[in-house]
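Here's the structure, in structure tokens; my notes come after.
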Amino acid sequence: MHRIQELAAGVLERVEQGRTLTEALATVQRNQELSAAERGALQDIAYGSLRRLGQLRFVLRQLVPRPLPAAEIERLLLVALYQLLHTRAADYAVVDQAVNAAAAVARGKFKGLVNGVLRNALRQRDELLAAALRDNEARYNHPRWWLQRLRAAYPAQWADILDESNRHPPMTLRVNARHGDAAGYVAELAGKDMAARALDGHAVLLETPCNVRELPGFADGRVSVQDWGAQQAARWLDVQPGMRVLDACAAPGGKSGHLLELADIALTALDIDAGRLQRVEENLARLGLAANVVAADAAQPAKWWDGQPFDRILADVPCSASGVVRRHPDIKWLRRPTDFAALGQQQGALSDALWPLLAAGGKMLYATCSIMPEENRQQVDAFLTRHPDAQLLQDEQLLPTPEHDGFYYALLAKRS
């Protein structure tokens, strides 16, 4: 098992270098021959260590006040501390495995240190955890600058938002409207002893997450996995049969599929990443639906637009992804305060480029998976100033809850 600790430490290293957790895990797993159990253990340790990184770093600094000269030992200790403090792994096994893993670093000179640190962590466990609760970065497992921004934006809700962002995300399904509804699918799941409840007419929340292969009708396109918050996008756009619709940043295709399930429309699914568009095509094929899938930069319509206006545009713009941190715990450690200026420029440029493509009387939905006001209402207000022919019909900031992630939606209409 020390091999899994080493691999998890390697995942943390790649994230520190700027890779996403998804990319880092894929790289490590691709280069190793792992059993299903080992892959599951690696994913749990990697995700858990990043979810709890603020606390783990705090605890390690209490035990070893200065950063270690060997960064790989520091990362090894972090993943071992995660196992000791947050999993049911046997204490003796975790310590023994970490010591064995340390033997391969610097000719084993840190074996004694690793053994001592982890045994001290076990002896002082309660005191260390209590101390961590008194430090905000350790308590909330987010960078201090992130805490400050949320506290300023949501003075009454910031702590609840952070706590929710540290929990495991819900697994929500979208029942294909062409093949059934939530009530019927909940009853079908109950027949297989899978507890679930309907959130609306087509959204189903599973009590316990499962592999998609266990979901009845998944392979046949009767159901998809999609967060309830993300499912609101298609409903807000209110597509009708015969409309020309653009999903401007379509990958991986969840919202495109939902739009096509709701009405017979002429959909263009656009994305700048040709590789990710393969996921869109795979998802649509599973659903038995079709779209015009185009690899192009939405911000440069002269290179791909045929000149025919769209009745509806979904502008799911690049953002900090601060609303989906519980699904991607690396985000909070990869983001920097300076990122928001560049993201804001992208959001504004993309919205401005898409607006001329919208027919008079049409609607554009500005969407993010962010909870930061500078990416959401502030961007929309600036857009309205730049475009006098735009009218804000409604907007909503969804914050993370046990039922959905954090999203922002603003529905804009073009005056005739």
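In the structure tokens, each chain is lettered A, B, ... as it comes, each chain's residues begin at 1, and ligands are numbered from 1 in order of appearance.
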Non-local contacts of segment 52-63 of chain A (9 Å; only C-alpha atoms; under 6 positions in same chain excluded) as a VMD selection string: chain A and resid 74 77 to 79 81 to 82 85 117 to 118 120 to 121 128 to 129 131 to 133 135 to 143 166 329 333
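Proximity of A:Asn292, A:Ser351, A:Gln300, A:Gln232 to Gly406 of chain A, computed with only C-alpha atoms, is greatest for A:Gln232.
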All helix (DSSP H, G or I) positions in segment 147-286 of chain A, as JSON, numbers by chain: {"A": [147, 148, 149, 150, 151, 152, 153, 158, 159, 160, 161, 162, 163, 164, 165, 182, 183, 184, 185, 186, 187, 188, 189, 190, 212, 213, 214, 228, 229, 230, 231, 232, 233, 234, 235, 236, 237, 254, 255, 256, 257, 258, 259, 260, 261, 262, 274, 275, 276, 277, 278, 279, 280, 281, 282, 283, 284, 285, 286]}
Nearest residue to Asn115 of chain A from the set A:Ala152, A:Leu314, A:Val95, A:Val294 (distances using only C-alpha atoms): A:Val95
Residue set, segment 87-271 of chain A restricted to strand (DSSP E or B), as a PyMOL selection string: chain A and resi 172-175+196-198+203-206+223-225+244-247+266-271
Shell around Arg386 of chain A at 10 Å using only C-alpha atoms, local window under 5 positions removed, as a list of chain:residue names: A:Gly348, A:Asp352, A:Val380, A:Asp381
Which polymer residues have any atom within 12 Å of an atom of Phe383 of chain A, counting only C-alpha atoms, with same-chain residues fewer than 4 positions away left out, as a tab-separated table (two decimals) with N, CA, C and O atoms, in the first residue's frame?
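What landed in around_18.tsv:
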chain	number	residue	atom	x	y	z
A	344	GLY	N	-12.28	37.89	-16.12
A	344	GLY	CA	-13.27	38.92	-16.42
A	344	GLY	C	-13.15	39.43	-17.85
A	344	GLY	O	-14.16	39.67	-18.53
A	345	GLN	N	-11.92	39.59	-18.33
A	345	GLN	CA	-11.71	40.03	-19.71
A	345	GLN	C	-12.26	38.98	-20.69
A	345	GLN	O	-12.90	39.32	-21.69
A	347	GLN	N	-14.62	36.75	-20.08
A	347	GLN	CA	-16.08	36.71	-19.97
A	347	GLN	C	-16.72	37.85	-20.74
A	347	GLN	O	-17.70	37.65	-21.48
A	348	GLY	N	-16.15	39.04	-20.60
A	348	GLY	CA	-16.69	40.19	-21.32
A	348	GLY	C	-16.52	40.07	-22.82
A	348	GLY	O	-17.44	40.35	-23.60
A	349	ALA	N	-15.33	39.63	-23.24
A	349	ALA	CA	-15.05	39.51	-24.67
A	349	ALA	C	-15.95	38.47	-25.32
A	349	ALA	O	-16.46	38.67	-26.43
A	350	LEU	N	-16.16	37.35	-24.64
A	350	LEU	CA	-16.99	36.29	-25.20
A	350	LEU	C	-18.45	36.73	-25.31
A	350	LEU	O	-19.11	36.52	-26.33
A	351	SER	N	-18.94	37.36	-24.26
A	351	SER	CA	-20.33	37.84	-24.27
A	351	SER	C	-20.53	38.86	-25.39
A	351	SER	O	-21.54	38.82	-26.12
A	352	ASP	N	-19.58	39.78	-25.55
A	352	ASP	CA	-19.68	40.81	-26.59
A	352	ASP	C	-19.65	40.18	-27.98
A	352	ASP	O	-20.37	40.61	-28.89
A	353	ALA	N	-18.81	39.16	-28.17
A	353	ALA	CA	-18.69	38.52	-29.48
A	353	ALA	C	-19.95	37.75	-29.86
A	353	ALA	O	-20.31	37.67	-31.04
A	354	LEU	N	-20.62	37.17	-28.87
A	354	LEU	CA	-21.80	36.36	-29.15
A	354	LEU	C	-23.07	37.20	-29.35
A	354	LEU	O	-23.99	36.77	-30.06
A	355	TRP	N	-23.14	38.36	-28.75
A	355	TRP	CA	-24.36	39.15	-28.78
A	355	TRP	C	-24.84	39.47	-30.21
A	355	TRP	O	-26.04	39.36	-30.50
A	366	TYR	N	-26.33	34.04	-19.91
A	366	TYR	CA	-24.97	34.14	-19.39
A	366	TYR	C	-24.89	33.22	-18.18
A	366	TYR	O	-25.71	33.33	-17.25
A	375	GLU	N	-17.49	37.83	-11.27
A	375	GLU	CA	-17.66	37.03	-12.49
A	375	GLU	C	-19.12	36.96	-12.91
A	375	GLU	O	-19.40	36.48	-14.03
A	376	ASN	N	-20.00	37.42	-12.08
A	376	ASN	CA	-21.42	37.20	-12.29
A	376	ASN	C	-22.19	38.50	-12.49
A	376	ASN	O	-22.16	39.07	-13.55
A	377	ARG	N	-22.87	38.98	-11.47
A	377	ARG	CA	-23.70	40.17	-11.66
A	377	ARG	C	-22.88	41.38	-12.09
A	377	ARG	O	-23.33	42.20	-12.90
A	378	GLN	N	-21.65	41.50	-11.59
A	378	GLN	CA	-20.83	42.63	-12.01
A	378	GLN	C	-20.53	42.57	-13.50
A	378	GLN	O	-20.51	43.60	-14.19
A	379	GLN	N	-20.29	41.38	-14.03
A	379	GLN	CA	-20.06	41.23	-15.46
A	379	GLN	C	-21.32	41.57	-16.26
A	379	GLN	O	-21.25	42.21	-17.30
A	387	HIS	N	-24.21	47.43	-24.02
A	387	HIS	CA	-25.19	47.03	-25.03
A	387	HIS	C	-26.58	47.57	-24.67
A	387	HIS	O	-27.36	46.89	-24.00
A	388	PRO	N	-26.91	48.75	-25.14
A	388	PRO	CA	-28.21	49.34	-24.82
A	388	PRO	C	-29.40	48.53	-25.31
A	388	PRO	O	-30.52	48.71	-24.81
A	389	ASP	N	-29.18	47.65	-26.31
A	389	ASP	CA	-30.29	46.85	-26.82
A	389	ASP	C	-30.51	45.58	-26.01
A	389	ASP	O	-31.35	44.73	-26.37
A	390	ALA	N	-29.76	45.42	-24.91
A	390	ALA	CA	-29.91	44.24	-24.06
A	390	ALA	C	-30.76	44.56	-22.84
A	390	ALA	O	-30.66	45.64	-22.25
A	391	GLN	N	-31.62	43.61	-22.50
A	391	GLN	CA	-32.47	43.75	-21.32
A	391	GLN	C	-32.28	42.53	-20.42
A	391	GLN	O	-32.34	41.39	-20.88
A	392	LEU	N	-32.05	42.78	-19.14
A	392	LEU	CA	-31.93	41.68	-18.19
A	392	LEU	C	-33.33	41.25	-17.75
A	392	LEU	O	-34.04	42.02	-17.10
A	410	ALA	N	-27.94	34.54	-15.80
A	410	ALA	CA	-28.55	35.83	-16.14
A	410	ALA	C	-29.14	35.71	-17.54
A	410	ALA	O	-28.42	35.44	-18.51
A	412	LEU	N	-30.71	37.30	-20.72
A	412	LEU	CA	-30.70	38.59	-21.42
A	412	LEU	C	-31.52	38.48	-22.69
A	412	LEU	O	-31.39	37.52	-23.45
Spatial neighbours of Pro400 of chain A, max dist 10 Å, only C-alpha atoms, sep filter under 5 positions, as JSON, numbers by chain: {"A": [160, 161, 162, 163, 164, 165, 169, 229, 322, 323, 324, 325, 326, 371, 405, 406, 407]}
Got time to write the residues from that selection, all heavy atoms, as a short mmCIF file (atom, residue, chain, number, x, y, z; two decimals), in the first residue's frame?
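To be explicit, this is the file written out as again_1.cif:
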data_model
loop_
_atom_site.label_atom_id
_atom_site.label_comp_id
_atom_site.auth_asym_id
_atom_site.auth_seq_id
_atom_site.Cartn_x
_atom_site.Cartn_y
_atom_site.Cartn_z
N ASP A 160 -21.19 28.92 5.86
CA ASP A 160 -21.99 27.81 5.34
C ASP A 160 -21.55 27.42 3.94
O ASP A 160 -21.52 26.23 3.59
CB ASP A 160 -23.48 28.19 5.32
CG ASP A 160 -24.07 28.32 6.72
OD1 ASP A 160 -23.49 27.73 7.66
OD2 ASP A 160 -25.09 29.01 6.87
N ILE A 161 -21.22 28.41 3.11
CA ILE A 161 -20.74 28.14 1.75
C ILE A 161 -19.46 27.31 1.80
O ILE A 161 -19.31 26.32 1.07
CB ILE A 161 -20.48 29.46 0.99
CG1 ILE A 161 -21.79 30.21 0.76
CG2 ILE A 161 -19.77 29.18 -0.34
CD1 ILE A 161 -21.59 31.62 0.23
N LEU A 162 -18.54 27.68 2.68
CA LEU A 162 -17.27 26.97 2.78
C LEU A 162 -17.47 25.56 3.31
O LEU A 162 -16.86 24.60 2.81
CB LEU A 162 -16.32 27.75 3.68
CG LEU A 162 -15.83 29.08 3.09
CD1 LEU A 162 -15.18 29.93 4.17
CD2 LEU A 162 -14.86 28.84 1.94
N ASP A 163 -18.31 25.41 4.32
CA ASP A 163 -18.58 24.07 4.84
C ASP A 163 -19.18 23.18 3.75
O ASP A 163 -18.80 22.01 3.61
CB ASP A 163 -19.53 24.14 6.04
CG ASP A 163 -18.83 24.62 7.31
OD1 ASP A 163 -17.59 24.53 7.38
OD2 ASP A 163 -19.53 25.08 8.23
N GLU A 164 -20.13 23.73 2.99
CA GLU A 164 -20.75 22.95 1.92
C GLU A 164 -19.73 22.60 0.84
O GLU A 164 -19.77 21.51 0.26
CB GLU A 164 -21.92 23.74 1.32
CG GLU A 164 -22.89 22.89 0.53
CD GLU A 164 -23.56 21.81 1.35
OE1 GLU A 164 -24.14 22.12 2.41
OE2 GLU A 164 -23.48 20.64 0.94
N SER A 165 -18.81 23.51 0.58
CA SER A 165 -17.80 23.28 -0.45
C SER A 165 -16.79 22.22 -0.06
O SER A 165 -16.04 21.73 -0.91
CB SER A 165 -17.07 24.59 -0.77
OG SER A 165 -17.95 25.55 -1.32
N PRO A 169 -19.81 15.85 -2.96
CA PRO A 169 -20.91 16.36 -3.77
C PRO A 169 -22.02 15.35 -3.94
O PRO A 169 -21.79 14.14 -3.87
CB PRO A 169 -20.23 16.64 -5.13
CG PRO A 169 -19.09 15.67 -5.18
CD PRO A 169 -18.60 15.56 -3.76
N GLY A 229 -28.13 22.05 -10.28
CA GLY A 229 -27.88 23.45 -10.62
C GLY A 229 -27.57 23.61 -12.10
O GLY A 229 -28.05 24.54 -12.76
N SER A 322 -15.51 28.37 -8.92
CA SER A 322 -15.56 28.43 -7.46
C SER A 322 -16.84 27.82 -6.89
O SER A 322 -16.90 27.53 -5.70
CB SER A 322 -15.43 29.88 -6.99
OG SER A 322 -16.37 30.71 -7.65
N GLY A 323 -17.84 27.59 -7.73
CA GLY A 323 -19.07 26.97 -7.25
C GLY A 323 -19.06 25.46 -7.25
O GLY A 323 -19.98 24.83 -6.73
N VAL A 324 -18.01 24.87 -7.84
CA VAL A 324 -17.96 23.40 -7.94
C VAL A 324 -16.69 22.85 -7.27
O VAL A 324 -16.18 21.80 -7.64
CB VAL A 324 -18.04 22.94 -9.41
CG1 VAL A 324 -19.40 23.27 -9.99
CG2 VAL A 324 -16.93 23.56 -10.26
N VAL A 325 -16.22 23.55 -6.26
CA VAL A 325 -14.98 23.17 -5.58
C VAL A 325 -15.09 21.79 -4.94
O VAL A 325 -14.10 21.05 -4.87
CB VAL A 325 -14.62 24.24 -4.52
CG1 VAL A 325 -13.57 23.73 -3.55
CG2 VAL A 325 -14.10 25.49 -5.22
N ARG A 326 -16.26 21.42 -4.45
CA ARG A 326 -16.36 20.12 -3.79
C ARG A 326 -16.17 18.98 -4.79
O ARG A 326 -15.82 17.86 -4.40
CB ARG A 326 -17.69 19.99 -3.06
CG ARG A 326 -18.92 20.12 -3.92
CD ARG A 326 -20.16 20.16 -3.05
NE ARG A 326 -21.38 20.36 -3.82
CZ ARG A 326 -22.56 20.57 -3.28
NH1 ARG A 326 -22.68 20.60 -1.96
NH2 ARG A 326 -23.63 20.74 -4.02
N ILE A 371 -19.27 31.46 -7.79
CA ILE A 371 -20.03 32.16 -6.77
C ILE A 371 -19.41 33.53 -6.47
O ILE A 371 -19.83 34.21 -5.53
CB ILE A 371 -20.11 31.33 -5.46
CG1 ILE A 371 -18.72 30.95 -4.96
CG2 ILE A 371 -20.96 30.09 -5.67
CD1 ILE A 371 -18.73 30.22 -3.62
N ASP A 405 -24.74 22.36 -6.82
CA ASP A 405 -23.52 23.15 -6.75
C ASP A 405 -23.83 24.63 -6.91
O ASP A 405 -24.99 25.03 -7.01
CB ASP A 405 -22.54 22.69 -7.84
CG ASP A 405 -22.05 21.27 -7.64
OD1 ASP A 405 -22.06 20.79 -6.49
OD2 ASP A 405 -21.64 20.64 -8.64
N GLY A 406 -22.78 25.44 -6.95
CA GLY A 406 -22.95 26.88 -7.11
C GLY A 406 -22.93 27.29 -8.58
O GLY A 406 -21.99 26.93 -9.31
N PHE A 407 -23.94 28.04 -9.01
CA PHE A 407 -24.04 28.52 -10.39
C PHE A 407 -24.62 29.93 -10.40
O PHE A 407 -25.30 30.34 -9.46
CB PHE A 407 -24.96 27.62 -11.23
CG PHE A 407 -24.39 26.27 -11.55
CD1 PHE A 407 -24.58 25.21 -10.67
CD2 PHE A 407 -23.66 26.05 -12.70
CE1 PHE A 407 -24.05 23.95 -10.94
CE2 PHE A 407 -23.13 24.80 -12.99
CZ PHE A 407 -23.32 23.75 -12.11
#
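The shortest atom-to-atom distance to Gly201 of chain A, with only C-alpha atoms taken into account, belongs to A:Ala183 out of A:Ala183, A:Ile331, A:Leu365, A:Val245.
Distance-wise, atom CA of Gly253 of chain A and atom CA of Thr338 of chain A end up 29.5 Å apart.
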Who sits within 12 Å of Ala274 of chain A, only C-alpha atoms, same chain under 4 positions skipped, as a PyMOL selection string: chain A and resi 249-252+269-270+278-281+293-297
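Pairwise distance (atom CA of Leu76 of chain A, atom CA of Ala9 of chain A) equals 5.3 Å.
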Interatomic distance (Å, one decimal) between atom CA of Leu215 of chain A and atom CA of His168 of chain A: 20.0 Å
For Leu393 of chain A, the nearest of the candidates A:Ala413, A:Gln157, A:Ala102, A:Leu246, counting only C-alpha atoms: A:Ala413
Contacts of His86 of chain A within 10 Å, only C-alpha atoms, excl. fewer than 6 positions in-chain, as a PyMOL selection string: chain A and resi 45+48-49+52+80
